[in-house]
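Structure data (compact mmCIF, C-alpha atoms) from start.txt:
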# COMPACT_ATOMS: atom_id res chain seq x y z
CA MET L 1 -44.04 181.67 228.57
CA THR L 2 -41.67 183.65 226.33
CA ALA L 3 -39.53 182.71 223.41
CA ALA L 4 -35.84 182.45 224.10
CA PRO L 5 -33.82 184.99 222.12
CA GLY L 6 -33.35 183.80 218.58
CA THR L 7 -35.86 180.96 218.77
CA GLY L 8 -38.85 182.71 217.21
CA PRO L 9 -42.37 183.05 218.55
CA ALA L 10 -43.67 180.69 221.19
CA THR L 11 -47.23 179.51 221.61
CA ALA L 12 -49.08 180.26 224.82
CA ALA L 13 -52.29 178.75 226.12
CA ALA L 14 -55.25 178.75 223.74
CA GLY L 15 -52.94 178.98 220.74
CA ARG L 16 -51.94 182.63 221.32
CA THR L 17 -48.56 183.49 219.89
CA VAL L 18 -46.02 185.03 222.22
CA ASP L 19 -43.71 187.51 220.50
CA ASP L 20 -45.35 187.42 217.09
CA PRO L 21 -42.82 189.29 214.93
CA ALA L 22 -45.33 191.73 213.42
CA ALA L 23 -46.95 192.62 216.76
CA LEU L 24 -43.54 192.88 218.40
CA ALA L 25 -42.33 195.35 215.75
CA GLU L 26 -45.47 197.47 216.18
CA VAL L 27 -45.17 197.62 219.97
CA ARG L 28 -41.46 198.41 219.80
CA ALA L 29 -42.23 201.29 217.44
CA ALA L 30 -45.01 202.60 219.71
CA PHE L 31 -42.72 202.27 222.74
CA ALA L 32 -39.93 204.19 220.96
CA ARG L 33 -42.43 206.90 220.04
CA TYR L 34 -43.49 207.11 223.68
CA GLU L 35 -39.88 207.39 224.84
CA ARG L 36 -39.15 210.21 222.36
CA ALA L 37 -42.29 212.04 223.46
CA LEU L 38 -41.43 211.59 227.13
CA THR L 39 -37.89 212.92 226.92
CA SER L 40 -38.93 215.85 224.69
CA ASN L 41 -42.04 216.60 226.79
CA ASP L 42 -44.38 216.18 223.82
CA VAL L 43 -47.51 216.16 225.96
CA ALA L 44 -49.86 215.76 223.00
CA VAL L 45 -48.22 212.47 221.97
CA LEU L 46 -48.04 211.27 225.59
CA ASP L 47 -51.77 211.95 225.99
CA GLU L 48 -52.47 210.18 222.70
CA LEU L 49 -50.54 207.04 223.67
CA PHE L 50 -52.44 206.54 226.93
CA HIS L 51 -55.81 204.90 226.39
CA ASP L 52 -58.68 207.35 226.76
CA GLY L 53 -60.68 205.25 229.20
CA PRO L 54 -61.63 205.49 232.88
CA ARG L 55 -59.71 202.32 233.82
CA THR L 56 -56.36 203.59 232.52
CA VAL L 57 -53.86 204.02 235.37
CA ARG L 58 -50.38 205.44 235.87
CA PHE L 59 -48.49 204.98 239.12
CA GLY L 60 -45.34 207.03 239.54
CA ALA L 61 -42.77 207.71 242.21
CA GLY L 62 -45.12 210.06 244.04
CA GLU L 63 -48.52 209.78 242.42
CA GLU L 64 -51.35 207.40 241.67
CA LEU L 65 -53.31 208.56 238.64
CA PHE L 66 -56.62 207.07 237.56
CA GLY L 67 -58.14 207.91 234.20
CA PRO L 68 -56.99 210.09 231.33
CA GLU L 69 -57.91 213.38 233.00
CA GLU L 70 -55.66 212.79 236.02
CA ILE L 71 -52.83 211.52 233.82
CA ALA L 72 -53.08 214.53 231.47
CA ALA L 73 -53.21 216.97 234.39
CA PHE L 74 -50.04 215.43 235.82
CA ARG L 75 -48.26 215.78 232.48
CA ARG L 76 -49.19 219.45 232.21
CA ALA L 77 -48.16 220.26 235.79
CA ARG L 78 -44.78 218.51 235.92
CA ARG L 79 -41.49 220.22 235.22
CA ALA L 80 -40.22 219.82 231.69
CA ALA L 81 -36.57 219.79 232.85
CA GLY L 82 -34.60 216.66 233.70
CA LEU L 83 -36.59 214.26 231.54
CA ASP L 84 -33.62 212.76 229.71
CA ARG L 85 -32.77 209.24 230.73
CA SER L 86 -30.48 206.49 229.57
CA PRO L 87 -32.24 203.17 229.05
CA GLU L 88 -30.25 200.20 230.31
CA ARG L 89 -32.46 197.25 229.49
CA THR L 90 -35.78 197.03 227.69
CA GLU L 91 -37.96 193.94 227.37
CA VAL L 92 -41.02 193.84 225.11
CA THR L 93 -43.34 190.83 225.07
CA THR L 94 -46.49 190.47 223.02
CA PHE L 95 -49.28 187.99 223.66
CA GLY L 96 -51.32 187.44 220.53
CA ASP L 97 -51.64 190.50 218.34
CA ALA L 98 -53.46 192.82 220.75
CA PHE L 99 -51.76 192.65 224.17
CA ALA L 100 -48.21 193.49 225.24
CA VAL L 101 -46.06 194.40 228.21
CA THR L 102 -42.91 196.51 228.22
CA SER L 103 -40.36 196.72 231.01
CA MET L 104 -37.40 199.07 231.08
CA THR L 105 -34.63 200.01 233.49
CA PHE L 106 -32.96 203.38 233.08
CA ARG L 107 -30.70 205.92 234.74
CA ARG L 108 -30.98 209.68 235.02
CA GLU L 109 -28.02 211.97 235.39
CA GLY L 110 -27.78 213.23 238.95
CA VAL L 111 -30.35 210.76 240.26
CA PRO L 112 -28.94 207.87 242.31
CA GLY L 113 -30.06 204.33 241.60
CA VAL L 114 -32.01 202.80 238.78
CA GLY L 115 -35.39 203.80 237.41
CA ARG L 116 -37.93 201.16 236.45
CA GLN L 117 -40.88 201.44 234.11
CA SER L 118 -43.48 198.88 233.15
CA GLN L 119 -46.37 199.40 230.77
CA THR L 120 -49.30 197.32 229.61
CA TRP L 121 -50.29 197.99 226.00
CA VAL L 122 -53.49 196.97 224.21
CA ARG L 123 -54.21 197.30 220.50
CA PHE L 124 -57.60 198.94 219.94
CA PRO L 125 -59.19 198.50 216.49
CA ASP L 126 -59.88 202.21 216.02
CA VAL L 127 -56.64 203.80 217.36
CA GLY L 128 -53.94 201.12 217.52
CA TRP L 129 -51.60 200.45 220.43
CA ARG L 130 -52.31 202.34 223.67
CA ILE L 131 -51.02 202.15 227.23
CA VAL L 132 -53.69 201.02 229.68
CA ALA L 133 -51.47 200.72 232.77
CA ALA L 134 -48.05 202.13 233.65
CA HIS L 135 -45.80 202.08 236.69
CA VAL L 136 -42.62 204.10 237.19
CA SER L 137 -40.40 203.81 240.24
CA GLN L 138 -36.89 204.60 241.40
CA ARG L 139 -34.69 202.23 243.36
CA GLY L 140 -31.93 204.04 245.25
structure tokens encoding of this file:
Amino acid sequence: MTAAPGTGPATAAAGRTVDDPAALAEVRAAFARYERALTSNDVAVLDELFHDGPRTVRFGAGEELFGPEEIAAFRRARRAAGLDRSPERTEVTTFGDAFAVTSMTFRREGVPGVGRQSQTWVRFPDVGWRIVAAHVSQRG
């Protein structure tokens, strides 16, 4: 259940608010920070924004990464060139004040088709919003 644009937050099961304005603003800011770090190859910020836990996962076009060590190793080994992308559509939905999903489509110069990215974010009391699951794919 999501709120229609312009209608304000909706209420999900058990009284949880969908798209609470404060939570939505926080996740959008964290997502924008992630996007800046990704396109500038700021590995320290990328590592920070992924939850430091063994159940954190990132699936990409050619890799399946489990846990922060595998994700960090991938970041350090990948080429820093060609990271710019042009977002086409971004959806952010929060559920309560501690769980969110983001979905984005994007294009990269010289790469045919559309890229797709989805992330699951959780707010942890000690560190704030962190990605616990991510999936990136390319549709030709």
Write out as a list in words which residues come within 12 Å of Thr90 of chain L when counting all atoms listed in the file, dropping same-chain ones fewer than 3 positions away.
-> Arg28, Phe31, Ala32, Glu35, Ser86, Pro87, Thr93, Val101, Thr102, Ser103, Met104, Thr105, Phe106, Gly115, Arg116, Gln117, Ser118 and Gln119 of chain L
Hey, which bits of segment 91-134 of chain L sit within 9 Å of segment 43-66 of chain L, and for each residue what's the closest pair of atoms and how far apart in Å (one decimal), counting only C-alpha atoms, rows by chain and increasing number, as a Markdown table?
| residue | atom | partner | partner_atom | distance |
| --- | --- | --- | --- | --- |
| L:Gln117 | CA | L:Gly60 | CA | 9.0 |
| L:Gln119 | CA | L:Arg58 | CA | 8.9 |
| L:Trp121 | CA | L:His51 | CA | 8.9 |
| L:Val122 | CA | L:His51 | CA | 8.5 |
| L:Phe124 | CA | L:His51 | CA | 9.0 |
| L:Trp129 | CA | L:Leu49 | CA | 7.4 |
| L:Arg130 | CA | L:Leu49 | CA | 5.0 |
| L:Ile131 | CA | L:Phe50 | CA | 4.6 |
| L:Val132 | CA | L:Thr56 | CA | 4.7 |
| L:Ala133 | CA | L:Val57 | CA | 4.8 |
| L:Ala134 | CA | L:Arg58 | CA | 4.6 |
Those residues you just picked out, can you put them in a file as a PDB file, in the frame of the given file with C-alpha atoms?
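Generated file (result-v5.pdb):
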ATOM      1  CA  GLN L 117     -40.880 201.440 234.110  1.00  0.00           C
ATOM      2  CA  GLN L 119     -46.370 199.400 230.770  1.00  0.00           C
ATOM      3  CA  TRP L 121     -50.290 197.990 226.000  1.00  0.00           C
ATOM      4  CA  VAL L 122     -53.490 196.970 224.210  1.00  0.00           C
ATOM      5  CA  PHE L 124     -57.600 198.940 219.940  1.00  0.00           C
ATOM      6  CA  TRP L 129     -51.600 200.450 220.430  1.00  0.00           C
ATOM      7  CA  ARG L 130     -52.310 202.340 223.670  1.00  0.00           C
ATOM      8  CA  ILE L 131     -51.020 202.150 227.230  1.00  0.00           C
ATOM      9  CA  VAL L 132     -53.690 201.020 229.680  1.00  0.00           C
ATOM     10  CA  ALA L 133     -51.470 200.720 232.770  1.00  0.00           C
ATOM     11  CA  ALA L 134     -48.050 202.130 233.650  1.00  0.00           C
TER      12      ALA L 134
END
Compile the contact shell of Asp84 of chain L as a PDB file with C-alpha atoms, in the coordinates of the input: residues with an atom at most 9 Å away, counting all atoms listed in the file, same-chain residues fewer than 2 positions apart removed.
ATOM      1  CA  LEU L  38     -41.430 211.590 227.130  1.00  0.00           C
ATOM      2  CA  THR L  39     -37.890 212.920 226.920  1.00  0.00           C
ATOM      3  CA  SER L  40     -38.930 215.850 224.690  1.00  0.00           C
ATOM      4  CA  ALA L  81     -36.570 219.790 232.850  1.00  0.00           C
ATOM      5  CA  GLY L  82     -34.600 216.660 233.700  1.00  0.00           C
ATOM      6  CA  SER L  86     -30.480 206.490 229.570  1.00  0.00           C
ATOM      7  CA  ARG L 107     -30.700 205.920 234.740  1.00  0.00           C
ATOM      8  CA  ARG L 108     -30.980 209.680 235.020  1.00  0.00           C
ATOM      9  CA  GLU L 109     -28.020 211.970 235.390  1.00  0.00           C
TER      10      GLU L 109
END
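Each of L:Ala23, L:Ala73, L:Thr120, L:Gln138 was compared to Ala98 of chain L using only C-alpha atoms, and L:Ala23 turns out to be the nearest.
Taking atom CA of Glu88 of chain L and atom CA of His135 of chain L as the two end points, the separation is 16.9 Å.
Atom CA of Tyr34 of chain L to atom CA of Arg16 of chain L spans 26.0 Å [interatomic distance, one decimal].
Among the candidate residues L:Arg139, L:Arg79, L:Asp19, L:Glu69, the one lying nearest to Pro112 of chain L is L:Arg139, with distances computed using all atoms listed in the file.
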Measure the distance from atom CA of Arg36 of chain L to atom CA of Ala77 of chain L in Å and round it to one decimal.
-> 19.0 Å
Around all the atoms of segment 91-110 of chain L listed in the file, with 6 Å of room on each side, what axis-aligned box do you get, giving centre and edge lengths in Å to one decimal, as JSON?
{"center_x": -40.6, "center_y": 200.3, "center_z": 228.6, "size_x": 37.7, "size_y": 37.8, "size_z": 32.6}
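Comparing L:Gly110, L:Gly140, L:Leu83, L:Asp97 by their smallest distance to Pro125 of chain L, the closest is L:Asp97 (using all atoms listed in the file).
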